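Let me begin by presenting the structure, written as structure tokens, before commenting on it.
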Amino acid sequence: MSPGRHSEHLTVLGTETEFGITIKGRTHDSAVLSSGLVVQSSPDGIPVRWSLTEESPGRDARGRRFTVPVDVDPEALNALLPNGARLYVDHAHPEYSTPECLGARQAALHDKAGELALARAARNTQGLLSPGETVSIYKNNSDGKGNSYGAHENYLIDRAVPFVDIIDYLTTFLVTRQIFTGSGKVGSENGRPAVPYQVSQRADFFETRVGLETTIRRPIINTRDEPHSDPDRFRRLHVIIGDANRSEPQTFLKLGATALLLAAIEDHALPDRLELDDPVRATWEVSHDPELGHRLRLADGSSATALELQWQYLDWLSKYAEAASRPDEGVLDLWRGVLEDLEIDPLRTADRLDWTSKLRIMEAYRARENIGWDHARIRALDLQFHDVDPAKGLYDRLVSRGSVVRLFDDRQVAAALQEPPGETRAYFRGMCVRKFGSSIMSANWDSLVFDTGEATYKRVPMMDPLRGNARRVGTVIDTSKDVASLIDALGSGQ
Amino acid sequence: MKEQSRKTHPEEEQVPEQDIPTTPQADTGDLDDLLDEIDEVLEENAEEFVRNYVQKGGE
């Protein structure tokens with residue numbers, strides 16, 4: 001096992017979420033402009049140029065390179081947040097990328113802090129709008145009309161792991177984990193068979209097994225090879241098949257179970273690939289089966305339900321975690337409880353999973369009103385569940401009634417928006433935003449560029465995601481009276 | 001598959017108390033209250049709201 005990859009056996013990981021956005025009553029602006037307005041209105045962020053010199057979104061893990069078109073000025077609409085996160089405009093959506101986190105619990109907390117960042121930015125945006133205009137932000141992944149936007153997960157893994165192992169051992173897990181990663185959706189899209197309600201927002205949009213693209217022909221395994229760190233040591237696995245979740249335990253379970261599986265792949269600890277006969281078809285078949293009874297065909301000719309396959313993964317990873325003395329942060333118990341309840345009755349998980357939470361409300365609403373799945377109020381409910389404004393979001397109604405399980409309280413979430421994780425380089429980034437924000441000229445995940453007042457800008461590289469943590473740079477940042485002395489201290493190795 | 005893994009590993013049945021608390025399932029009366037609350041906050045013109053919710057594809 002590579003010593004630089006993990007710290008105390010926890011994975012370095014993070015999420016990126018593209019939020020849906022509408023400004024009701026406003027017809028003259030594009031979605032790009034509306035998103036820019038929200039990003040610039042954030043009371044928490046500082047605007048920075050985002051340096052693309054180190055980025056390589058066209059690099060393919062399979063060894064090829066593609067030219068990737070850039071459709072908006074990527075340097076124009078970027079902000080860094082004091083927790084080390086990035087808030088920016090991507091493809092006509094406001095996007096929040098968490099800071100690099102250590103472990104799934106910390107990542108779930110900073111993912112939740114992103115909802116608060118967007119809600120606060122939207123509140124400020126509202127003050128700039130004309131009477132009759134209302135801005136709303138949604139943490140979902142589809143408009144129900146064939147357009148999808150992403151919620152991506154990033155896991156730092158050992159460069160030495162052959163990419164083919166990741167494809168072989170991860171695919172079936174990603175397809176079947178939808179039963180606990182889905183955020184639920186009314187109807188189907190992208191030409192898939194009609195259904196009243198399905199488990200996932202995203203499943204209908206996946207069309208190939210493996211590929212580089214994220215906007216067309218979406219692949220189950222994304223090969224984008226852009227480590228944002230030392231490419232000889234690290235790989236950043238970019239998982240694009242998940243849904244954005246409002247539920248805290250759901251985000252935690254999604255990230256924690258996947259990180260554990262990747263660790264087992266790195267350690268060659270999985271006994272079988274559990275290869276599906278047709279993973280793309282299986283992706284929407286799992287999503288289109290909220291009763292969870294559908295049997296998927298495996299490549300060896302046998303069949304199994306998504307639940308059965310997830311029980312198998314849980315069994316393997318429970319043994320792996322024990323044998324490797326790997327802390328699981330409580331993921332295994334949560335996972336087991338969710339699978340047990342899904343098996344008895346999926347609605348028993350309505351306190352922990354968005355797709356069953358929403359389904360439970362919709363079933364009750366439909367029964368009371370005697371209306372069908374196609375009714376506008378059911379579709380409105382499908383959207384408004386994900387509104388990040390606590391006054392309007394239906395998920396937040398469940399929170400305020402105590403009907404859903406939380407992992408964090410409001411105070412912890414608010415603190416996570418202002419304070420970076422102490423264990424990764426996000427600490428250096430976030431603390432510099434807080435203390436030397438006006439001197440940051442440009443940023444990227446693996447560097448910051450400062451204006452110290454001298455003839456040239458000073459670039460601080462951060463090629464190892466676990467350096468730049470509080471232990472290494474906390475004292476230097478605390479004791480530097482200005483940015484010039486910070487750069488001096490870093491340069492002299494203090 | 002699941003039955004198999006359970007039979008061969010009965011110790012998994014005796015896991016300690018979960019760290020993550022689960023709330024008891026809300027009863028039907030609670031749901032009625034919730035639906036009333038939803039009616040109060042749900043967009044008034046649901047049809048227009050749904051029709052106008054159009055996003056560009058992303059990622």
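Just remember, in the structure tokens the first chain shown is A, the second B, etc., residues are 1-based per chain, and ligands are 1-based in the order shown.
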Based on only C-alpha atoms, which of the residues in chain A come within 6 Å of chain B? I want them as a PyMOL selection string. chain A and resi 91+143+147-150+214-215+308+311+333+376-377+380+392
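Taking atom CA of A:His28 and atom CA of A:Glu115 as endpoints, the distance between them is 26.4 Å.
Here atom CA of A:Val39 and atom CA of A:Tyr88 stand 5.9 Å from one another.
Among the residues of stretch 360-399 of chain A, backbone DSSP assigns helix (DSSP H, G or I) to A:Arg360, A:Ile361, A:Met362, A:Glu363, A:Ala364, A:Tyr365, A:Arg366, A:Ala367, A:Arg368, A:Glu369, A:Ala376, A:Arg377, A:Ile378, A:Arg379, A:Ala380, A:Leu381, A:Asp382, A:Leu383, A:Gln384, A:Leu394, A:Tyr395, A:Asp396, A:Arg397, A:Leu398, A:Val399.
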Only N, CA and C atoms, please: the residues just picked out, written as an mmCIF file, in the first residue's frame.
data_model
loop_
_atom_site.group_PDB
_atom_site.id
_atom_site.type_symbol
_atom_site.label_atom_id
_atom_site.label_comp_id
_atom_site.auth_asym_id
_atom_site.auth_seq_id
_atom_site.Cartn_x
_atom_site.Cartn_y
_atom_site.Cartn_z
ATOM 1 N N ARG A 360 -42.071 8.367 -0.600
ATOM 2 C CA ARG A 360 -43.048 8.270 0.489
ATOM 3 C C ARG A 360 -43.982 9.490 0.481
ATOM 4 N N ILE A 361 -43.397 10.673 0.305
ATOM 5 C CA ILE A 361 -44.220 11.889 0.263
ATOM 6 C C ILE A 361 -45.148 11.856 -0.956
ATOM 7 N N MET A 362 -44.595 11.471 -2.091
ATOM 8 C CA MET A 362 -45.394 11.480 -3.322
ATOM 9 C C MET A 362 -46.542 10.486 -3.262
ATOM 10 N N GLU A 363 -46.276 9.300 -2.719
ATOM 11 C CA GLU A 363 -47.347 8.296 -2.606
ATOM 12 C C GLU A 363 -48.478 8.842 -1.726
ATOM 13 N N ALA A 364 -48.103 9.456 -0.615
ATOM 14 C CA ALA A 364 -49.112 10.001 0.289
ATOM 15 C C ALA A 364 -49.876 11.153 -0.377
ATOM 16 N N TYR A 365 -49.148 11.987 -1.077
ATOM 17 C CA TYR A 365 -49.775 13.143 -1.734
ATOM 18 C C TYR A 365 -50.723 12.684 -2.833
ATOM 19 N N ARG A 366 -50.286 11.724 -3.604
ATOM 20 C CA ARG A 366 -51.128 11.195 -4.690
ATOM 21 C C ARG A 366 -52.393 10.553 -4.135
ATOM 22 N N ALA A 367 -52.246 9.829 -3.022
ATOM 23 C CA ALA A 367 -53.409 9.161 -2.420
ATOM 24 C C ALA A 367 -54.412 10.198 -1.908
ATOM 25 N N ARG A 368 -53.895 11.246 -1.256
ATOM 26 C CA ARG A 368 -54.801 12.250 -0.702
ATOM 27 C C ARG A 368 -55.529 13.016 -1.796
ATOM 28 N N GLU A 369 -54.806 13.363 -2.847
ATOM 29 C CA GLU A 369 -55.389 14.187 -3.915
ATOM 30 C C GLU A 369 -56.018 13.351 -5.017
ATOM 31 N N ALA A 376 -49.043 17.879 -12.476
ATOM 32 C CA ALA A 376 -48.041 18.950 -12.333
ATOM 33 C C ALA A 376 -47.582 19.111 -10.889
ATOM 34 N N ARG A 377 -48.497 18.875 -9.940
ATOM 35 C CA ARG A 377 -48.065 19.081 -8.549
ATOM 36 C C ARG A 377 -47.077 18.001 -8.079
ATOM 37 N N ILE A 378 -47.208 16.802 -8.630
ATOM 38 C CA ILE A 378 -46.233 15.750 -8.311
ATOM 39 C C ILE A 378 -44.882 16.099 -8.938
ATOM 40 N N ARG A 379 -44.928 16.596 -10.167
ATOM 41 C CA ARG A 379 -43.674 16.986 -10.825
ATOM 42 C C ARG A 379 -43.043 18.203 -10.137
ATOM 43 N N ALA A 380 -43.891 19.108 -9.652
ATOM 44 C CA ALA A 380 -43.377 20.268 -8.916
ATOM 45 C C ALA A 380 -42.715 19.807 -7.616
ATOM 46 N N LEU A 381 -43.364 18.861 -6.973
ATOM 47 C CA LEU A 381 -42.811 18.303 -5.739
ATOM 48 C C LEU A 381 -41.447 17.647 -6.015
ATOM 49 N N ASP A 382 -41.356 16.982 -7.173
ATOM 50 C CA ASP A 382 -40.119 16.304 -7.582
ATOM 51 C C ASP A 382 -38.958 17.301 -7.682
ATOM 52 N N LEU A 383 -39.249 18.509 -8.153
ATOM 53 C CA LEU A 383 -38.214 19.540 -8.253
ATOM 54 C C LEU A 383 -37.965 20.216 -6.906
ATOM 55 N N GLN A 384 -39.057 20.584 -6.258
ATOM 56 C CA GLN A 384 -38.922 21.431 -5.071
ATOM 57 C C GLN A 384 -38.341 20.693 -3.869
ATOM 58 N N LEU A 394 -38.407 21.062 0.077
ATOM 59 C CA LEU A 394 -39.241 20.094 0.791
ATOM 60 C C LEU A 394 -38.386 19.162 1.649
ATOM 61 N N TYR A 395 -37.154 18.899 1.209
ATOM 62 C CA TYR A 395 -36.262 18.118 2.067
ATOM 63 C C TYR A 395 -36.069 18.827 3.407
ATOM 64 N N ASP A 396 -35.942 20.154 3.340
ATOM 65 C CA ASP A 396 -35.731 20.913 4.575
ATOM 66 C C ASP A 396 -36.962 20.895 5.489
ATOM 67 N N ARG A 397 -38.158 20.711 4.880
ATOM 68 C CA ARG A 397 -39.355 20.542 5.726
ATOM 69 C C ARG A 397 -39.194 19.268 6.553
ATOM 70 N N LEU A 398 -38.651 18.219 5.925
ATOM 71 C CA LEU A 398 -38.453 16.955 6.640
ATOM 72 C C LEU A 398 -37.415 17.123 7.751
ATOM 73 N N VAL A 399 -36.387 17.922 7.468
ATOM 74 C CA VAL A 399 -35.362 18.174 8.475
ATOM 75 C C VAL A 399 -35.976 18.884 9.679
#
Could you please write out, as a PDB file with N, CA, C and O atoms, in the first residue's frame, every residue of stretch 259-437 of chain A that DSSP assigns to strand (DSSP E)?
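Final output, saved to out.pdb:
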ATOM      1  N   ARG A 295     -34.100  -9.065 -11.526  1.00  0.00           N
ATOM      2  CA  ARG A 295     -32.876  -9.865 -11.554  1.00  0.00           C
ATOM      3  C   ARG A 295     -32.015  -9.450 -12.746  1.00  0.00           C
ATOM      4  O   ARG A 295     -32.464  -9.459 -13.894  1.00  0.00           O
ATOM      5  N   LEU A 296     -30.777  -9.087 -12.449  1.00  0.00           N
ATOM      6  CA  LEU A 296     -29.824  -8.683 -13.491  1.00  0.00           C
ATOM      7  C   LEU A 296     -29.083  -9.919 -13.983  1.00  0.00           C
ATOM      8  O   LEU A 296     -28.754 -10.814 -13.201  1.00  0.00           O
ATOM      9  N   ARG A 297     -28.792  -9.940 -15.304  1.00  0.00           N
ATOM     10  CA  ARG A 297     -28.053 -11.071 -15.832  1.00  0.00           C
ATOM     11  C   ARG A 297     -26.552 -10.833 -15.684  1.00  0.00           C
ATOM     12  O   ARG A 297     -26.043  -9.773 -16.052  1.00  0.00           O
ATOM     13  N   SER A 303     -27.957 -15.001 -12.404  1.00  0.00           N
ATOM     14  CA  SER A 303     -28.648 -13.728 -12.235  1.00  0.00           C
ATOM     15  C   SER A 303     -28.683 -13.355 -10.760  1.00  0.00           C
ATOM     16  O   SER A 303     -28.578 -14.222  -9.884  1.00  0.00           O
ATOM     17  N   ALA A 304     -28.828 -12.081 -10.494  1.00  0.00           N
ATOM     18  CA  ALA A 304     -28.892 -11.601  -9.103  1.00  0.00           C
ATOM     19  C   ALA A 304     -29.583 -10.249  -9.091  1.00  0.00           C
ATOM     20  O   ALA A 304     -29.536  -9.510 -10.080  1.00  0.00           O
ATOM     21  N   THR A 305     -30.204  -9.920  -7.964  1.00  0.00           N
ATOM     22  CA  THR A 305     -30.779  -8.580  -7.830  1.00  0.00           C
ATOM     23  C   THR A 305     -29.672  -7.610  -7.409  1.00  0.00           C
ATOM     24  O   THR A 305     -28.623  -8.023  -6.903  1.00  0.00           O
TER      25      THR A 305
END
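You can rank A:Thr479, A:Asn140, A:Asn245, A:Asn370 by their closest distance to A:Asp111 using only C-alpha atoms, and at the top of that list sits A:Asn245.
Computed from the coordinates, the atom CA of A:Ala416 to atom CA of A:Gly114 distance equals 9.1 Å.
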